[in-house]
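Participant: Okay, so here is run02.tsv, and as you'll see once you scroll down, it has TSV, C-alpha atoms.
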chain	number	residue	atom	x	y	z
Q	5	PHE	CA	-8.35	7.56	-1.06
Q	6	PRO	CA	-5.45	9.97	-0.60
Q	7	GLY	CA	-4.20	12.38	-3.21
Q	8	LYS	CA	-5.26	15.51	-5.00
Q	9	SER	CA	-8.27	13.79	-6.61
Q	10	VAL	CA	-10.18	13.94	-3.30
Q	11	PRO	CA	-11.12	17.47	-2.17
Q	12	THR	CA	-9.94	18.62	1.24
Q	13	GLN	CA	-13.53	19.26	2.33
Q	14	THR	CA	-14.39	15.63	1.60
Q	15	LYS	CA	-11.46	14.38	3.68
Q	16	ILE	CA	-12.41	16.61	6.61
Q	17	GLY	CA	-16.03	15.47	6.35
Q	18	LEU	CA	-14.98	11.81	6.34
Q	19	ILE	CA	-12.78	12.36	9.42
Q	20	LEU	CA	-15.62	14.05	11.30
Q	21	LEU	CA	-18.05	11.30	10.27
Q	22	LEU	CA	-15.68	8.58	11.48
Q	23	ALA	CA	-15.13	10.45	14.76
Q	24	TRP	CA	-18.88	10.70	15.31
Q	25	VAL	CA	-19.40	6.99	14.53
Q	26	VAL	CA	-16.61	5.96	16.89
Q	27	ARG	CA	-17.87	8.17	19.70
Q	28	ALA	CA	-21.47	7.03	19.30
Q	29	GLY	CA	-20.82	3.33	18.84
Q	30	GLN	CA	-18.08	2.61	21.39
Q	31	PRO	CA	-19.32	2.68	25.00
Q	32	TYR	CA	-15.84	2.18	26.47
Q	33	LEU	CA	-14.60	5.60	25.38
Q	34	PRO	CA	-14.20	8.02	28.30
Q	35	SER	CA	-16.25	11.17	28.55
Q	36	LEU	CA	-14.26	14.11	27.27
Q	37	HIS	CA	-14.84	17.81	27.54
Q	38	LEU	CA	-13.89	20.33	24.92
Q	39	ASP	CA	-10.91	22.05	26.49
Q	40	PHE	CA	-7.20	22.50	25.93
Q	41	MET	CA	-6.46	19.16	27.58
Q	42	LEU	CA	-7.50	17.48	24.34
Q	43	LEU	CA	-4.48	18.96	22.58
Q	44	GLY	CA	-2.24	16.61	24.54
Q	45	LEU	CA	-4.04	13.61	23.04
Q	46	VAL	CA	-3.52	14.71	19.44
Q	47	PRO	CA	0.08	13.42	18.89
Q	48	SER	CA	-0.67	9.92	20.18
Q	49	GLU	CA	-3.95	9.56	18.26
Q	50	LEU	CA	-2.38	10.97	15.12
Q	51	GLY	CA	0.47	8.50	15.44
Q	52	VAL	CA	-1.90	5.54	15.73
Q	53	GLY	CA	-3.79	6.69	12.65
Q	54	LEU	CA	-0.54	7.05	10.73
Q	55	LEU	CA	0.49	3.53	11.74
Q	56	ILE	CA	-2.73	2.04	10.36
Q	57	GLY	CA	-2.62	4.14	7.19
Q	58	PHE	CA	1.01	3.35	6.48
Q	59	THR	CA	0.37	-0.37	7.01
Q	60	VAL	CA	-2.41	-0.30	4.42
Q	61	ARG	CA	-0.17	1.73	2.10
Q	62	LEU	CA	2.61	-0.87	2.30
Q	63	THR	CA	0.12	-3.62	1.52
Q	64	TYR	CA	-0.86	-1.72	-1.63
Q	65	ALA	CA	2.76	-0.97	-2.60
Q	66	CYS	CA	3.18	-4.48	-4.04
Q	67	ALA	CA	0.82	-3.58	-6.90
Q	68	GLU	CA	2.73	-0.39	-7.71
Q	69	LEU	CA	6.02	-2.26	-7.92
Q	70	LEU	CA	4.38	-4.92	-10.10
Q	71	GLY	CA	2.96	-2.28	-12.43
Q	72	ALA	CA	6.31	-0.50	-12.73
Q	73	SER	CA	8.01	-3.81	-13.58
Q	74	PHE	CA	5.39	-4.57	-16.24
Q	75	ALA	CA	5.87	-1.13	-17.78
Q	76	GLN	CA	9.63	-1.55	-17.88
Q	77	ALA	CA	9.38	-5.06	-19.36
Q	78	THR	CA	6.92	-4.08	-22.09
Q	79	GLY	CA	8.97	-1.06	-23.10
Q	80	LEU	CA	6.02	1.30	-22.73
Q	81	THR	CA	7.59	3.62	-20.19
Q	82	MET	CA	7.39	6.45	-22.73
Q	83	ALA	CA	3.58	6.44	-22.67
Q	84	GLN	CA	2.58	8.35	-19.54
Q	85	THR	CA	-0.79	8.98	-17.91
Q	86	TYR	CA	-1.63	11.25	-15.00
Q	87	ASP	CA	-2.14	9.58	-11.64
Q	88	PRO	CA	-4.38	11.84	-9.50
Q	89	SER	CA	-3.73	9.85	-6.32
Q	90	LYS	CA	-0.04	10.81	-6.35
Q	91	GLY	CA	-0.07	13.89	-8.54
Q	92	THR	CA	2.50	12.37	-10.93
Q	93	GLU	CA	2.60	10.71	-14.33
Q	94	ASP	CA	2.88	6.93	-14.49
Q	95	PRO	CA	3.38	4.55	-17.43
Q	96	VAL	CA	0.16	3.16	-18.86
Q	97	PRO	CA	0.80	-0.50	-17.85
Q	98	ALA	CA	1.61	0.61	-14.30
Q	99	ARG	CA	-1.60	2.62	-14.15
Q	100	VAL	CA	-3.65	-0.36	-15.40
Q	101	ILE	CA	-2.16	-2.69	-12.77
Q	102	THR	CA	-2.72	-0.07	-10.07
Q	103	LEU	CA	-6.40	0.24	-11.03
Q	104	LEU	CA	-6.72	-3.56	-11.04
Q	105	ALA	CA	-5.24	-3.67	-7.54
Q	106	MET	CA	-7.67	-0.99	-6.41
Q	107	LEU	CA	-10.60	-3.06	-7.70
Q	108	LEU	CA	-9.25	-6.10	-5.85
Q	109	PHE	CA	-8.80	-3.98	-2.74
Q	110	LEU	CA	-12.45	-2.94	-2.82
Q	111	ALA	CA	-13.79	-6.35	-3.90
Q	112	MET	CA	-12.01	-8.13	-1.04
Q	113	GLY	CA	-13.32	-5.63	1.50
Q	114	ALA	CA	-9.84	-4.51	2.54
Q	115	HIS	CA	-11.15	-0.97	3.04
Q	116	ARG	CA	-13.72	-2.28	5.54
Q	117	THR	CA	-10.94	-4.13	7.34
Q	118	ALA	CA	-8.91	-0.94	7.68
Q	119	LEU	CA	-11.91	1.00	9.01
Q	120	SER	CA	-12.75	-1.79	11.46
Q	121	TYR	CA	-9.25	-1.79	12.89
Q	122	LEU	CA	-9.31	1.99	13.03
Q	123	ILE	CA	-12.36	1.83	15.27
Q	124	GLU	CA	-10.92	-1.08	17.26
Q	125	SER	CA	-7.72	0.89	17.88
Q	126	PHE	CA	-9.60	3.01	20.43
Q	127	ARG	CA	-9.98	-0.12	22.56
Q	128	VAL	CA	-6.42	-1.41	22.05
Q	129	VAL	CA	-4.87	2.02	22.61
Q	130	PRO	CA	-7.40	3.94	24.72
Q	131	LEU	CA	-7.57	7.71	24.69
Q	132	GLY	CA	-4.90	9.16	26.92
Q	133	GLN	CA	-2.59	6.13	26.72
Q	134	HIS	CA	0.83	6.71	25.23
Q	135	ALA	CA	1.39	4.84	21.95
Q	136	ASP	CA	4.89	3.55	21.35
Q	137	ILE	CA	5.22	4.56	17.70
Q	138	ALA	CA	8.97	3.95	17.48
Q	139	SER	CA	8.57	0.24	18.28
Q	140	SER	CA	6.90	-0.31	14.90
Q	141	ALA	CA	9.92	0.80	12.84
Q	142	LEU	CA	11.42	-2.67	12.43
Q	143	ILE	CA	7.97	-4.10	11.70
Q	144	PHE	CA	7.50	-1.66	8.83
Q	145	VAL	CA	10.92	-2.56	7.43
Q	146	ASN	CA	9.80	-6.20	7.39
Q	147	TYR	CA	6.50	-5.30	5.71
Q	148	LEU	CA	8.30	-3.23	3.08
Q	149	SER	CA	10.65	-6.09	2.25
Q	150	GLN	CA	7.70	-8.47	1.95
Q	151	ALA	CA	5.88	-6.09	-0.41
Q	152	MET	CA	8.98	-5.67	-2.58
Q	153	GLU	CA	9.56	-9.43	-2.64
Q	154	ALA	CA	5.96	-10.08	-3.69
Q	155	GLY	CA	6.05	-7.43	-6.44
Q	156	VAL	CA	9.31	-8.72	-7.90
Q	157	ARG	CA	8.16	-12.34	-7.68
Q	158	LEU	CA	4.87	-11.65	-9.48
Q	159	SER	CA	6.66	-9.73	-12.25
Q	160	LEU	CA	9.31	-12.40	-12.91
Q	161	PRO	CA	7.42	-14.14	-15.78
Q	162	VAL	CA	7.06	-10.93	-17.80
Q	163	VAL	CA	10.58	-9.74	-17.03
Q	164	GLY	CA	12.01	-13.17	-17.91
Q	165	VAL	CA	10.22	-13.30	-21.27
Q	166	ALA	CA	11.31	-9.74	-22.10
Q	167	LEU	CA	14.91	-10.61	-21.25
Q	168	ALA	CA	14.77	-13.78	-23.37
Q	169	VAL	CA	13.37	-11.86	-26.35
Q	170	GLN	CA	16.06	-9.18	-26.07
Q	171	ALA	CA	18.77	-11.83	-25.83
Q	172	ALA	CA	17.37	-13.67	-28.89
Q	173	LEU	CA	17.27	-10.44	-30.91
Q	174	ALA	CA	20.84	-9.68	-29.92
Q	175	LEU	CA	22.00	-13.13	-31.03
Q	176	VAL	CA	20.19	-12.82	-34.38
Q	177	SER	CA	21.70	-9.39	-34.93
Q	178	ARG	CA	25.14	-10.76	-34.08
Q	179	ALA	CA	24.78	-13.73	-36.42
Q	180	SER	CA	23.39	-11.67	-39.33
Q	181	PRO	CA	24.56	-8.08	-39.11
Q	182	GLN	CA	22.95	-7.25	-42.44
Q	183	LEU	CA	19.49	-7.88	-40.99
Q	184	GLN	CA	17.92	-4.84	-39.37
Q	185	VAL	CA	16.59	-6.82	-36.44
Q	186	PHE	CA	16.30	-3.96	-34.00
Q	187	SER	CA	13.95	-2.08	-36.35
Q	188	LEU	CA	11.40	-4.78	-35.53
Q	189	GLY	CA	12.68	-5.47	-32.04
Q	190	MET	CA	10.39	-2.98	-30.33
Q	191	GLY	CA	7.25	-4.51	-31.79
Q	192	ILE	CA	8.41	-8.06	-31.08
Q	193	SER	CA	9.34	-7.33	-27.47
Q	194	VAL	CA	6.11	-5.44	-26.79
Q	195	ALA	CA	3.98	-8.21	-28.34
Q	196	ALA	CA	5.80	-10.94	-26.39
Q	197	ALA	CA	5.51	-9.02	-23.12
Q	198	PHE	CA	1.82	-8.30	-23.62
Q	199	LEU	CA	1.07	-11.95	-24.40
Q	200	THR	CA	2.91	-12.92	-21.24
Q	201	VAL	CA	0.98	-10.32	-19.22
Q	202	LEU	CA	-2.32	-11.70	-20.55
Q	203	GLY	CA	-1.24	-15.24	-19.75
Q	204	THR	CA	-0.13	-14.44	-16.19
Q	205	LEU	CA	-2.73	-11.82	-15.28
Q	206	GLY	CA	-4.81	-14.33	-13.34
Q	207	ASP	CA	-1.83	-15.48	-11.30
Q	208	ALA	CA	-0.79	-11.86	-10.71
Q	209	ALA	CA	-4.30	-11.00	-9.46
Q	210	ALA	CA	-4.24	-14.05	-7.18
Q	211	GLY	CA	-0.85	-13.00	-5.83
Q	212	LEU	CA	-2.07	-9.45	-5.18
Q	213	GLY	CA	-5.13	-10.86	-3.43
Q	214	ALA	CA	-2.96	-13.05	-1.22
Q	215	GLU	CA	-0.80	-10.04	-0.34
Q	216	MET	CA	-3.85	-7.96	0.57
Q	217	GLN	CA	-5.12	-10.71	2.84
Q	218	ASN	CA	-2.13	-9.95	5.07
Q	219	GLU	CA	-3.55	-6.51	5.82
Q	220	ALA	CA	-5.55	-7.56	8.90
Q	221	PRO	CA	-2.76	-9.45	10.74
Q	222	ARG	CA	-0.29	-6.68	9.90
Q	223	ILE	CA	-2.49	-3.94	11.35
Q	224	GLU	CA	-3.12	-6.12	14.41
Q	225	GLU	CA	0.60	-6.65	14.94
Q	226	VAL	CA	1.32	-2.93	14.59
Q	227	LEU	CA	-1.41	-1.98	17.08
Q	228	GLU	CA	-0.25	-4.57	19.60
Q	229	SER	CA	3.30	-3.26	19.28
Q	230	ALA	CA	2.17	0.33	19.80
Q	231	ALA	CA	0.01	-0.62	22.79
Q	232	LYS	CA	2.79	-2.41	24.70
Q	233	PRO	CA	3.83	-0.47	27.79
Q	234	GLN	CA	7.37	0.83	27.73
Q	235	GLU	CA	9.80	-1.06	29.92
Q	236	THR	CA	11.32	0.96	32.72
Q	237	PRO	CA	15.13	0.72	32.79
Q	238	ARG	CA	16.60	-1.05	35.78
Q	239	GLY	CA	17.66	1.21	38.55
Q	240	THR	CA	15.03	3.81	37.68
Q	241	PRO	CA	12.74	4.55	40.64
Before we go any further, please render this structure as structure tokens.

Facilitator:
Amino acid sequence: FPGKSVPTQTKIGLILLLAWVVRAGQPYLPSLHLDFMLLGLVPSELGVGLLIGFTVRLTYACAELLGASFAQATGLTMAQTYDPSKGTEDPVPARVITLLAMLLFLAMGAHRTALSYLIESFRVVPLGQHADIASSALIFVNYLSQAMEAGVRLSLPVVGVALAVQAALALVSRASPQLQVFSLGMGISVAAAFLTVLGTLGDAAAGLGAEMQNEAPRIEEVLESAAKPQETPRGTP
């Protein structure tokens, strides 16, 4: 996992381990010699790795948007907890939803899917072949819109209940100004939002699982787009 919680030595060790596994287990890789010619392969291979990593990151972004919406709806944005993966402080409900999504990510084997496609990328985009990174820009815009749509859609029940409670409290306060409704409004809104979260947590987990199932076809589409040969303009010899 990225972030400051994982030491740099561990990341380097994981990269070297993956490189050794790929080189030992893939017979179609060409024989390479350690020389300066390998430096020319670094940008293309780094770009392919960034494409796969960013695709997985966008798949996981739905949970972060859902958690932020839950925190805003429950009114618990003041309570902050440190998130070591990003080096920032997040609201407690957002952190809980993020941890739930991480458990789903591991339980569904999405990490194995990402590693499998990482190894398969050496066949789709062989060493030495130019990867068209720029062709994936519009694809990532589509993935980002899908992740935002899924996060907003899954948070609608909690946001709707919170809005209804706030509107009801405003109407009561308007009808009876002598009642100090807003002194109890925080507790009422938090209780209503938490009950709604508990009631819709199963559906939210199912929605996150359905979003994570799109990881494999998304990575496949990105790799196929990067592996397409560039078209030569007409009139070019």

Participant: Could you make a table, as a Markdown table, of the residues of range 115-154 of chain Q that have an atom within 8 Å of an atom of range 54-65 of chain Q, each with its nearest atom pair and distance in Å to one decimal, counting all atoms listed in the file, in chain and number order?

Facilitator:
| residue | atom | partner | partner_atom | distance |
| --- | --- | --- | --- | --- |
| Q:Ala118 | CA | Q:Val60 | CA | 7.3 |
| Q:Tyr121 | CA | Q:Ile56 | CA | 8.0 |
| Q:Leu122 | CA | Q:Ile56 | CA | 7.1 |
| Q:Ile137 | CA | Q:Leu55 | CA | 7.7 |
| Q:Phe144 | CA | Q:Thr59 | CA | 7.5 |
| Q:Tyr147 | CA | Q:Leu62 | CA | 6.8 |
| Q:Leu148 | CA | Q:Leu62 | CA | 6.2 |
| Q:Ala151 | CA | Q:Ala65 | CA | 6.4 |
| Q:Met152 | CA | Q:Ala65 | CA | 7.8 |

Participant: CA of Asn146 in chain Q and CA of Val201 in chain Q, how far apart in Å?

Facilitator: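 Distance reported for this atom pair: 28.3 Å.
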
Participant: Kindly give the distance, in Å, that separates CA of Ala141 in chain Q and CA of Leu43 in chain Q, rounded to a single decimal.

Facilitator: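 Distance reported for this atom pair: 25.1 Å.
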
Participant: For a test of reading the model, state the distance in Å between CA of Ala114 in chain Q and CA of Val162 in chain Q, rounded to one decimal.

Facilitator: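 Value for the CA of Ala114 in chain Q-CA of Val162 in chain Q distance: 27.2 Å.
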
Participant: Using all atoms listed in the file, can you tell me which of Q:Ile19, Q:Ala28, Q:Ala138, Q:Ala67 comes closest to Arg157 in chain Q?

Facilitator: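 Selected residue with least distance to Arg157 in chain Q: Q:Ala67.
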
Participant: Residues of range 96-198 of chain Q that have any atom at most 8 Å from an atom of range 219-233 of chain Q: could you tabulate them with the shortest-distance atom pair and the distance in Å to one decimal, using all atoms listed in the file, ordered by chain and increasing number, as JSON lines?

Facilitator:
{"residue": "Q:Ala114", "atom": "CA", "partner": "Q:Glu219", "partner_atom": "CA", "distance": 7.4}
{"residue": "Q:Thr117", "atom": "CA", "partner": "Q:Ala220", "partner_atom": "CA", "distance": 6.6}
{"residue": "Q:Ala118", "atom": "CA", "partner": "Q:Ala220", "partner_atom": "CA", "distance": 7.5}
{"residue": "Q:Tyr121", "atom": "CA", "partner": "Q:Ile223", "partner_atom": "CA", "distance": 7.3}
{"residue": "Q:Ser125", "atom": "CA", "partner": "Q:Leu227", "partner_atom": "CA", "distance": 7.0}
{"residue": "Q:Val128", "atom": "CA", "partner": "Q:Ala231", "partner_atom": "CA", "distance": 6.5}
{"residue": "Q:Val129", "atom": "CA", "partner": "Q:Ala231", "partner_atom": "CA", "distance": 5.6}
{"residue": "Q:His134", "atom": "CA", "partner": "Q:Ala231", "partner_atom": "CA", "distance": 7.8}
{"residue": "Q:Ala135", "atom": "CA", "partner": "Q:Ala230", "partner_atom": "CA", "distance": 5.1}
{"residue": "Q:Asp136", "atom": "CA", "partner": "Q:Ala230", "partner_atom": "CA", "distance": 4.5}
{"residue": "Q:Ile137", "atom": "CA", "partner": "Q:Ala230", "partner_atom": "CA", "distance": 5.6}
{"residue": "Q:Ser139", "atom": "CA", "partner": "Q:Ser229", "partner_atom": "CA", "distance": 6.4}
{"residue": "Q:Ser140", "atom": "CA", "partner": "Q:Val226", "partner_atom": "CA", "distance": 6.2}
{"residue": "Q:Ile143", "atom": "CA", "partner": "Q:Val226", "partner_atom": "CA", "distance": 7.3}

Participant: Any idea what's packed within 10 Å of Gly213 in chain Q, counting only C-alpha atoms, ignoring anything in its chain fewer than 6 positions away? Could you give it as a PyMOL selection string?

Facilitator: chain Q and resi 105+108-109+111-112+114+207

Participant: Rank nothing, just name the residue among Q:Pro97, Q:Gly206, Q:Pro47, Q:Pro181 nearest to Val194 in chain Q, using only C-alpha atoms.

Facilitator: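 Looking only at the distances to Val194 in chain Q, the closest residue turns out to be Q:Pro97.
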
Participant: Counting all atoms listed in the file, figure out which residue out of Q:Leu188, Q:Val156, Q:Ala209, Q:Ile123 gets nearest to Trp24 in chain Q.

Facilitator: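 Selected residue with least distance to Trp24 in chain Q: Q:Ile123.
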
Participant: From the coordinates supplied, range 166-178 of chain Q should be written with all heavy atoms, as a tab-separated table (two decimals), in the first residue's frame.

Facilitator:
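The resulting result.tsv:
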chain	number	residue	atom	x	y	z
Q	166	ALA	N	-30.15	13.04	6.48
Q	166	ALA	CA	-29.59	14.20	7.19
Q	166	ALA	C	-30.25	15.49	6.73
Q	166	ALA	O	-30.55	16.38	7.55
Q	166	ALA	CB	-28.08	14.26	6.96
Q	167	LEU	N	-30.51	15.62	5.44
Q	167	LEU	CA	-31.18	16.81	4.93
Q	167	LEU	C	-32.61	16.90	5.44
Q	167	LEU	O	-33.08	17.99	5.82
Q	167	LEU	CB	-31.17	16.79	3.40
Q	167	LEU	CG	-31.84	17.97	2.69
Q	167	LEU	CD1	-31.15	19.27	3.06
Q	167	LEU	CD2	-31.84	17.77	1.18
Q	168	ALA	N	-33.32	15.76	5.50
Q	168	ALA	CA	-34.69	15.76	6.00
Q	168	ALA	C	-34.74	16.15	7.48
Q	168	ALA	O	-35.63	16.89	7.91
Q	168	ALA	CB	-35.33	14.39	5.78
Q	169	VAL	N	-33.79	15.65	8.26
Q	169	VAL	CA	-33.75	15.98	9.69
Q	169	VAL	C	-33.48	17.47	9.88
Q	169	VAL	O	-34.13	18.13	10.71
Q	169	VAL	CB	-32.70	15.12	10.41
Q	169	VAL	CG1	-32.47	15.62	11.83
Q	169	VAL	CG2	-33.12	13.66	10.43
Q	170	GLN	N	-32.53	18.01	9.13
Q	170	GLN	CA	-32.23	19.44	9.25
Q	170	GLN	C	-33.42	20.29	8.83
Q	170	GLN	O	-33.71	21.33	9.45
Q	170	GLN	CB	-31.01	19.78	8.40
Q	170	GLN	CG	-29.72	19.15	8.87
Q	170	GLN	CD	-29.29	19.66	10.24
Q	170	GLN	OE1	-29.58	20.79	10.61
Q	170	GLN	NE2	-28.58	18.82	10.98
Q	171	ALA	N	-34.13	19.89	7.78
Q	171	ALA	CA	-35.30	20.63	7.35
Q	171	ALA	C	-36.41	20.57	8.40
Q	171	ALA	O	-37.10	21.57	8.68
Q	171	ALA	CB	-35.81	20.08	6.02
Q	172	ALA	N	-36.60	19.38	9.02
Q	172	ALA	CA	-37.62	19.24	10.07
Q	172	ALA	C	-37.28	20.11	11.28
Q	172	ALA	O	-38.16	20.77	11.86
Q	172	ALA	CB	-37.75	17.77	10.47
Q	173	LEU	N	-36.01	20.13	11.67
Q	173	LEU	CA	-35.61	20.96	12.80
Q	173	LEU	C	-35.80	22.45	12.49
Q	173	LEU	O	-36.21	23.23	13.36
Q	173	LEU	CB	-34.15	20.69	13.15
Q	173	LEU	CG	-33.83	19.31	13.75
Q	173	LEU	CD1	-32.34	19.14	13.93
Q	173	LEU	CD2	-34.56	19.11	15.08
Q	174	ALA	N	-35.54	22.84	11.26
Q	174	ALA	CA	-35.73	24.23	10.88
Q	174	ALA	C	-37.22	24.61	10.92
Q	174	ALA	O	-37.58	25.70	11.36
Q	174	ALA	CB	-35.16	24.47	9.49
Q	175	LEU	N	-38.08	23.71	10.49
Q	175	LEU	CA	-39.52	23.99	10.52
Q	175	LEU	C	-40.04	24.08	11.95
Q	175	LEU	O	-40.86	24.94	12.28
Q	175	LEU	CB	-40.27	22.90	9.75
Q	175	LEU	CG	-40.08	22.90	8.23
Q	175	LEU	CD1	-40.80	21.72	7.61
Q	175	LEU	CD2	-40.57	24.22	7.62
Q	176	VAL	N	-39.56	23.18	12.83
Q	176	VAL	CA	-39.98	23.23	14.23
Q	176	VAL	C	-39.51	24.52	14.87
Q	176	VAL	O	-40.23	25.17	15.65
Q	176	VAL	CB	-39.45	22.00	14.98
Q	176	VAL	CG1	-39.70	22.13	16.48
Q	176	VAL	CG2	-40.11	20.73	14.46
Q	177	SER	N	-38.27	24.90	14.58
Q	177	SER	CA	-37.75	26.15	15.15
Q	177	SER	C	-38.51	27.36	14.62
Q	177	SER	O	-38.72	28.33	15.36
Q	177	SER	CB	-36.26	26.27	14.81
Q	177	SER	OG	-35.74	27.49	15.27
Q	178	ARG	N	-38.95	27.30	13.39
Q	178	ARG	CA	-39.72	28.41	12.81
Q	178	ARG	C	-41.11	28.48	13.41
Q	178	ARG	O	-41.64	29.57	13.67
Q	178	ARG	CB	-39.82	28.21	11.30
Q	178	ARG	CG	-40.59	29.29	10.55
Q	178	ARG	CD	-39.87	30.59	10.57
Q	178	ARG	NE	-40.54	31.60	9.76
Q	178	ARG	CZ	-40.18	32.87	9.68
Q	178	ARG	NH1	-39.12	33.30	10.35
Q	178	ARG	NH2	-40.84	33.72	8.92
